[in-house]
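J.: So here's query-v3.pdb (PDB, C-alpha atoms).
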ATOM      1  CA  MET Y   1      10.502  55.927   4.559
ATOM      2  CA  MET Y   2       7.618  53.516   3.863
ATOM      3  CA  ARG Y   3       4.090  54.538   4.416
ATOM      4  CA  HIS Y   4       1.923  52.432   6.692
ATOM      5  CA  ARG Y   5      -0.071  51.076   3.733
ATOM      6  CA  ASN Y   6       3.068  49.994   1.822
ATOM      7  CA  ARG Y   7       4.519  48.351   4.912
ATOM      8  CA  ARG Y   8       1.333  46.311   5.404
ATOM      9  CA  LEU Y   9       1.388  45.252   1.730
ATOM     10  CA  ALA Y  10       5.041  44.160   2.005
ATOM     11  CA  THR Y  11       4.249  42.141   5.147
ATOM     12  CA  ILE Y  12       1.355  40.379   3.411
ATOM     13  CA  ALA Y  13       3.512  39.604   0.354
ATOM     14  CA  ALA Y  14       6.329  38.215   2.520
ATOM     15  CA  SER Y  15       3.840  36.100   4.503
ATOM     16  CA  ALA Y  16       2.363  34.707   1.265
ATOM     17  CA  ILE Y  17       5.828  33.748  -0.006
ATOM     18  CA  VAL Y  18       6.679  31.999   3.278
ATOM     19  CA  LEU Y  19       3.328  30.150   3.172
ATOM     20  CA  VAL Y  20       3.882  28.958  -0.419
ATOM     21  CA  VAL Y  21       7.385  27.715   0.422
ATOM     22  CA  ALA Y  22       6.118  25.901   3.546
ATOM     23  CA  VAL Y  23       3.283  24.201   1.635
ATOM     24  CA  GLY Y  24       5.695  23.188  -1.150
ATOM     25  CA  LEU Y  25       8.161  21.644   1.313
ATOM     26  CA  GLY Y  26       5.339  19.838   3.109
ATOM     27  CA  LEU Y  27       4.019  18.357  -0.137
ATOM     28  CA  MET Y  28       7.502  17.197  -1.140
ATOM     29  CA  ALA Y  29       7.922  15.462   2.229
ATOM     30  CA  LEU Y  30       4.516  13.785   1.976
ATOM     31  CA  ARG Y  31       5.157  12.599  -1.573
ATOM     32  CA  SER Y  32       8.039  10.410  -0.413
ATOM     33  CA  ALA Y  33       5.885   8.912   2.378
ATOM     34  CA  VAL Y  34       2.910   7.950   0.187
ATOM     35  CA  VAL Y  35       2.422   4.228  -0.383
ATOM     36  CA  PHE Y  36       0.182   3.257  -3.297
ATOM     37  CA  PHE Y  37      -2.085   0.192  -3.211
ATOM     38  CA  TYR Y  38      -2.157  -2.195  -6.186
ATOM     39  CA  SER Y  39      -3.822  -5.466  -7.060
ATOM     40  CA  PRO Y  40      -1.805  -8.084  -8.972
ATOM     41  CA  SER Y  41      -3.786  -7.249 -12.147
ATOM     42  CA  GLU Y  42      -2.880  -3.553 -11.842
ATOM     43  CA  ILE Y  43       0.798  -4.453 -11.483
ATOM     44  CA  ALA Y  44       0.633  -6.681 -14.571
ATOM     45  CA  ALA Y  45      -1.034  -3.866 -16.538
ATOM     46  CA  GLU Y  46       1.397  -1.152 -15.430
ATOM     47  CA  HIS Y  47       4.400  -2.116 -13.290
ATOM     48  CA  PRO Y  48       5.228   0.583 -10.693
ATOM     49  CA  GLY Y  49       9.017   0.092 -11.041
ATOM     50  CA  ILE Y  50      11.661  -1.039  -8.600
ATOM     51  CA  GLU Y  51      12.069   2.202  -6.651
ATOM     52  CA  ALA Y  52       8.423   2.682  -5.653
ATOM     53  CA  ARG Y  53       7.273   1.574  -2.207
ATOM     54  CA  ILE Y  54       3.900  -0.088  -2.760
ATOM     55  CA  ARG Y  55       1.222  -2.211  -1.144
ATOM     56  CA  VAL Y  56      -0.111  -5.254  -2.958
ATOM     57  CA  GLY Y  57      -3.235  -7.023  -1.772
ATOM     58  CA  GLY Y  58      -4.945 -10.250  -2.685
ATOM     59  CA  LEU Y  59      -5.134 -13.881  -1.685
ATOM     60  CA  VAL Y  60      -2.175 -16.123  -0.856
ATOM     61  CA  LEU Y  61      -2.163 -18.662  -3.691
ATOM     62  CA  GLU Y  62      -2.668 -22.243  -2.535
ATOM     63  CA  GLU Y  63       0.503 -24.374  -2.518
ATOM     64  CA  SER Y  64       2.715 -21.341  -3.179
ATOM     65  CA  VAL Y  65       4.299 -20.858   0.261
ATOM     66  CA  GLY Y  66       7.878 -22.056   0.469
ATOM     67  CA  GLU Y  67      11.396 -21.088   1.442
ATOM     68  CA  ALA Y  68      13.658 -19.014  -0.817
ATOM     69  CA  ALA Y  69      17.376 -19.697  -1.205
ATOM     70  CA  SER Y  70      18.040 -16.777   1.144
ATOM     71  CA  GLY Y  71      16.002 -18.429   3.906
ATOM     72  CA  ALA Y  72      13.125 -15.966   3.525
ATOM     73  CA  THR Y  73       9.535 -17.094   3.025
ATOM     74  CA  ARG Y  74       8.423 -16.965  -0.586
ATOM     75  CA  PHE Y  75       4.761 -16.983  -1.652
ATOM     76  CA  VAL Y  76       2.427 -15.748  -4.379
ATOM     77  CA  ILE Y  77      -0.349 -13.182  -4.050
ATOM     78  CA  THR Y  78      -3.179 -13.532  -6.549
ATOM     79  CA  ASP Y  79      -6.445 -11.889  -7.500
ATOM     80  CA  ARG Y  80      -7.215 -15.065  -9.505
ATOM     81  CA  VAL Y  81      -6.343 -13.180 -12.704
ATOM     82  CA  GLU Y  82      -2.661 -12.251 -12.179
ATOM     83  CA  ASN Y  83       0.001 -13.289  -9.646
ATOM     84  CA  VAL Y  84       2.809 -11.474  -7.816
ATOM     85  CA  GLN Y  85       5.817 -13.318  -6.332
ATOM     86  CA  VAL Y  86       6.633 -12.116  -2.808
ATOM     87  CA  GLU Y  87       9.640 -12.732  -0.575
ATOM     88  CA  TYR Y  88       9.492 -11.876   3.137
ATOM     89  CA  ALA Y  89      12.381 -12.253   5.585
ATOM     90  CA  GLY Y  90      10.480 -11.868   8.825
ATOM     91  CA  LEU Y  91       7.986 -13.655  11.029
ATOM     92  CA  LEU Y  92       4.645 -14.055   9.295
ATOM     93  CA  PRO Y  93       1.470 -13.127  11.181
ATOM     94  CA  ASP Y  94      -0.285 -15.993  12.957
ATOM     95  CA  LEU Y  95      -3.291 -15.560  10.659
ATOM     96  CA  PHE Y  96      -1.210 -15.942   7.483
ATOM     97  CA  ARG Y  97      -2.485 -18.945   5.483
ATOM     98  CA  GLU Y  98      -2.854 -20.088   1.910
ATOM     99  CA  GLY Y  99      -6.148 -18.930   0.430
ATOM    100  CA  GLN Y 100      -6.408 -16.048   2.936
ATOM    101  CA  GLY Y 101      -6.361 -12.322   2.218
ATOM    102  CA  VAL Y 102      -3.130 -10.399   2.792
ATOM    103  CA  VAL Y 103      -1.633  -7.000   2.105
ATOM    104  CA  VAL Y 104       2.137  -6.779   1.707
ATOM    105  CA  GLU Y 105       4.198  -3.610   1.597
ATOM    106  CA  GLY Y 106       7.612  -3.374   0.000
ATOM    107  CA  ARG Y 107       9.596  -2.744  -3.183
ATOM    108  CA  PHE Y 108      10.204  -4.816  -6.284
ATOM    109  CA  ALA Y 109      13.710  -6.204  -6.784
ATOM    110  CA  ALA Y 110      15.385  -6.264 -10.192
ATOM    111  CA  ASP Y 111      14.322  -9.921 -10.603
ATOM    112  CA  GLY Y 112      10.628  -8.945 -10.385
ATOM    113  CA  VAL Y 113      10.028 -10.371  -6.903
ATOM    114  CA  LEU Y 114       8.345  -8.079  -4.383
ATOM    115  CA  GLN Y 115      10.665  -7.761  -1.366
ATOM    116  CA  ALA Y 116       8.114  -7.287   1.411
ATOM    117  CA  ARG Y 117       8.887  -5.305   4.547
ATOM    118  CA  THR Y 118       5.445  -5.824   6.072
ATOM    119  CA  VAL Y 119       2.842  -8.580   5.742
ATOM    120  CA  LEU Y 120      -0.656  -7.941   7.068
ATOM    121  CA  ALA Y 121      -3.195 -10.783   7.323
ATOM    122  CA  LYS Y 122      -6.926 -10.524   7.827
ATOM    123  CA  HIS Y 123      -8.267 -10.702  11.388
ATOM    124  CA  ASP Y 124     -11.127 -13.171  11.002
ATOM    125  CA  GLU Y 125     -13.372 -14.773   8.412
ATOM    126  CA  THR Y 126     -15.290 -11.584   7.579
ATOM    127  CA  TYR Y 127     -12.513  -8.982   7.719
ATOM    128  CA  MET Y 128     -10.569  -7.861   4.699
ATOM    129  CA  PRO Y 129      -9.004  -4.431   4.066
ATOM    130  CA  SER Y 130     -11.442  -2.491   1.880
ATOM    131  CA  GLU Y 131      -8.881  -1.933  -0.899
ATOM    132  CA  VAL Y 132      -8.178  -5.670  -1.161
ATOM    133  CA  ALA Y 133     -11.862  -6.584  -1.082
ATOM    134  CA  GLU Y 134     -12.642  -4.035  -3.791
ATOM    135  CA  ALA Y 135      -9.833  -5.324  -6.022
ATOM    136  CA  LEU Y 136     -11.026  -8.922  -5.534
ATOM    137  CA  ARG Y 137     -14.633  -7.864  -6.186
ATOM    138  CA  GLU Y 138     -13.542  -6.181  -9.442
ATOM    139  CA  ALA Y 139     -11.697  -9.364 -10.446
ATOM    140  CA  GLY Y 140     -14.868 -11.375  -9.722
ATOM    141  CA  VAL Y 141     -13.377 -13.532  -6.962
ATOM    142  CA  TRP Y 142     -14.725 -11.852  -3.776
ATOM    143  CA  GLN Y 143     -16.221 -14.531  -1.538
ATOM    144  CA  GLY Y 144     -16.965 -12.479   1.550
ATOM    145  CA  GLU Y 145     -20.399 -12.196   3.086
ATOM    146  CA  GLY Y 146     -22.618  -9.387   1.865
ATOM    147  CA  GLU Y 147     -21.755  -6.592  -0.497
ATOM    148  CA  THR Y 148     -19.103  -4.837   1.544
ATOM    149  CA  PRO Y 149     -16.401  -6.148   3.842
ATOM    150  CA  SER Y 150     -16.537  -5.196   7.504
ATOM    151  CA  ALA Y 151     -13.271  -3.311   7.853
ATOM    152  CA  ALA Y 152     -12.096  -2.827  11.408
ATOM    153  CA  GLY Y 153      -9.165  -0.545  12.052
ATOM    154  CA  ASP Y 154      -6.529   0.133   9.443
ATOM    155  CA  GLY Y 155      -5.908  -3.430   8.299
ATOM    156  CA  ASP Y 156      -2.939  -3.977  10.580
ATOM    157  CA  SER Y 157      -2.967  -7.438  12.144
ATOM    158  CA  ARG Y 158       0.119  -7.134  14.330
TER     159      ARG Y 158
END
For the file at hand, write its structure as structure tokens.
T.:
Amino acid sequence: MMRHRNRRLATIAASAIVLVVAVGLGLMALRSAVVFFYSPSEIAAEHPGIEARIRVGGLVLEESVGEAASGATRFVITDRVENVQVEYAGLLPDLFREGQGVVVEGRFAADGVLQARTVLAKHDETYMPSEVAEALREAGVWQGEGETPSAAGDGDSR
């Protein structure tokens, strides 16, 4: 028969084990849901691979928007240092234009083209997602007003 003190110690130990397992399972679930943000220069320096779901932000390169053989829209995102080819098979946001800031989310295909699942465009002339603005500022091509962009919301322009 267990003494009261030993029973309390066993309960605490069992609770700690359950807590560690729950935290471990939660972290594993979150790891698969994390989407990393990259600039085109970061992708050129260290490619994330074809399995990783990523976000790439920058400017839509002028005269790069066209139609792919598959019927999808094909365009280039640039930070004026490096470029990333993007293919998107959906309706583009109304604010999507060449020379404008965008963030695309998707995975790279084996041919090196980013297969976008989501395309987010900036809301107005002063808005740009903070990650994109910072990457453009680091590349020396930020042309927004003031030192920091006025980010409103989460960058979703749907």
J.: Have a look at atom CA of Y:Thr118 and atom CA of Y:Glu51 and let me know their distance in Å, one decimal.
T.: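 Distance between the two atoms: 16.4 Å.
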J.: When you draw a straight line from atom CA of Y:Glu46 to atom CA of Y:Val65, how long is it in Å?
T.: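 That distance, rounded to one decimal, is 25.4 Å.
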J.: As a ChimeraX atom specification, please: the residues near Y:Glu82 (cut-off 7 Å, only C-alpha atoms, same-chain neighbours under 5 positions excluded).
T.: /Y:40-41,44
J.: Export, as a short mmCIF file (atom, residue, chain, number, x, y, z; two decimals), keeping the file's coordinate frame, the selected residues with C-alpha atoms.
T.:
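Saved the output as selection.cif:
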data_model
loop_
_atom_site.label_atom_id
_atom_site.label_comp_id
_atom_site.auth_asym_id
_atom_site.auth_seq_id
_atom_site.Cartn_x
_atom_site.Cartn_y
_atom_site.Cartn_z
CA PRO Y 40 -1.80 -8.08 -8.97
CA SER Y 41 -3.79 -7.25 -12.15
CA ALA Y 44 0.63 -6.68 -14.57
#
J.: Rounded to one decimal place, report the atom CA of Y:Leu114-atom CA of Y:Val86 distance in Å.
T.: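 About the pair atom CA of Y:Leu114 and atom CA of Y:Val86: they are 4.7 Å apart.
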J.: Identify the residues within 12 Å of coordinate (-3.1, -5.3, -13.1) (same frame as the file), considering only C-alpha atoms, and give the answer as an MDAnalysis selection string.
T.: chainID Y and resid 37:48 56:58 78:84 135:136 138:139
J.: With distances taken over only C-alpha atoms, which of Y:Val104, Y:Val60, Y:Leu120, Y:Ala72 is nearest to Y:Phe36?
T.: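 Counting only C-alpha atoms, the residue closest to Y:Phe36 is Y:Val104.
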J.: Around all of stretch 73-90 of chain Y's listed atoms, make the axis-aligned box with 8 Å on each side and tell me centre and edge lengths in Å to one decimal, as JSON.
T.:
{"center_x": 2.6, "center_y": -14.3, "center_z": -1.9, "size_x": 35.6, "size_y": 21.6, "size_z": 37.5}
J.: Can you translate the PyMOL selection byres ((chain Y and resi 53) around 6) into the concrete residues it hits in this file, as a CSV table (one decimal) with C-alpha atoms, keeping the file's coordinate frame?
T.:
chain,number,residue,atom,x,y,z
Y,35,VAL,CA,2.4,4.2,-0.4
Y,52,ALA,CA,8.4,2.7,-5.7
Y,54,ILE,CA,3.9,-0.1,-2.8
Y,106,GLY,CA,7.6,-3.4,0.0
Y,107,ARG,CA,9.6,-2.7,-3.2
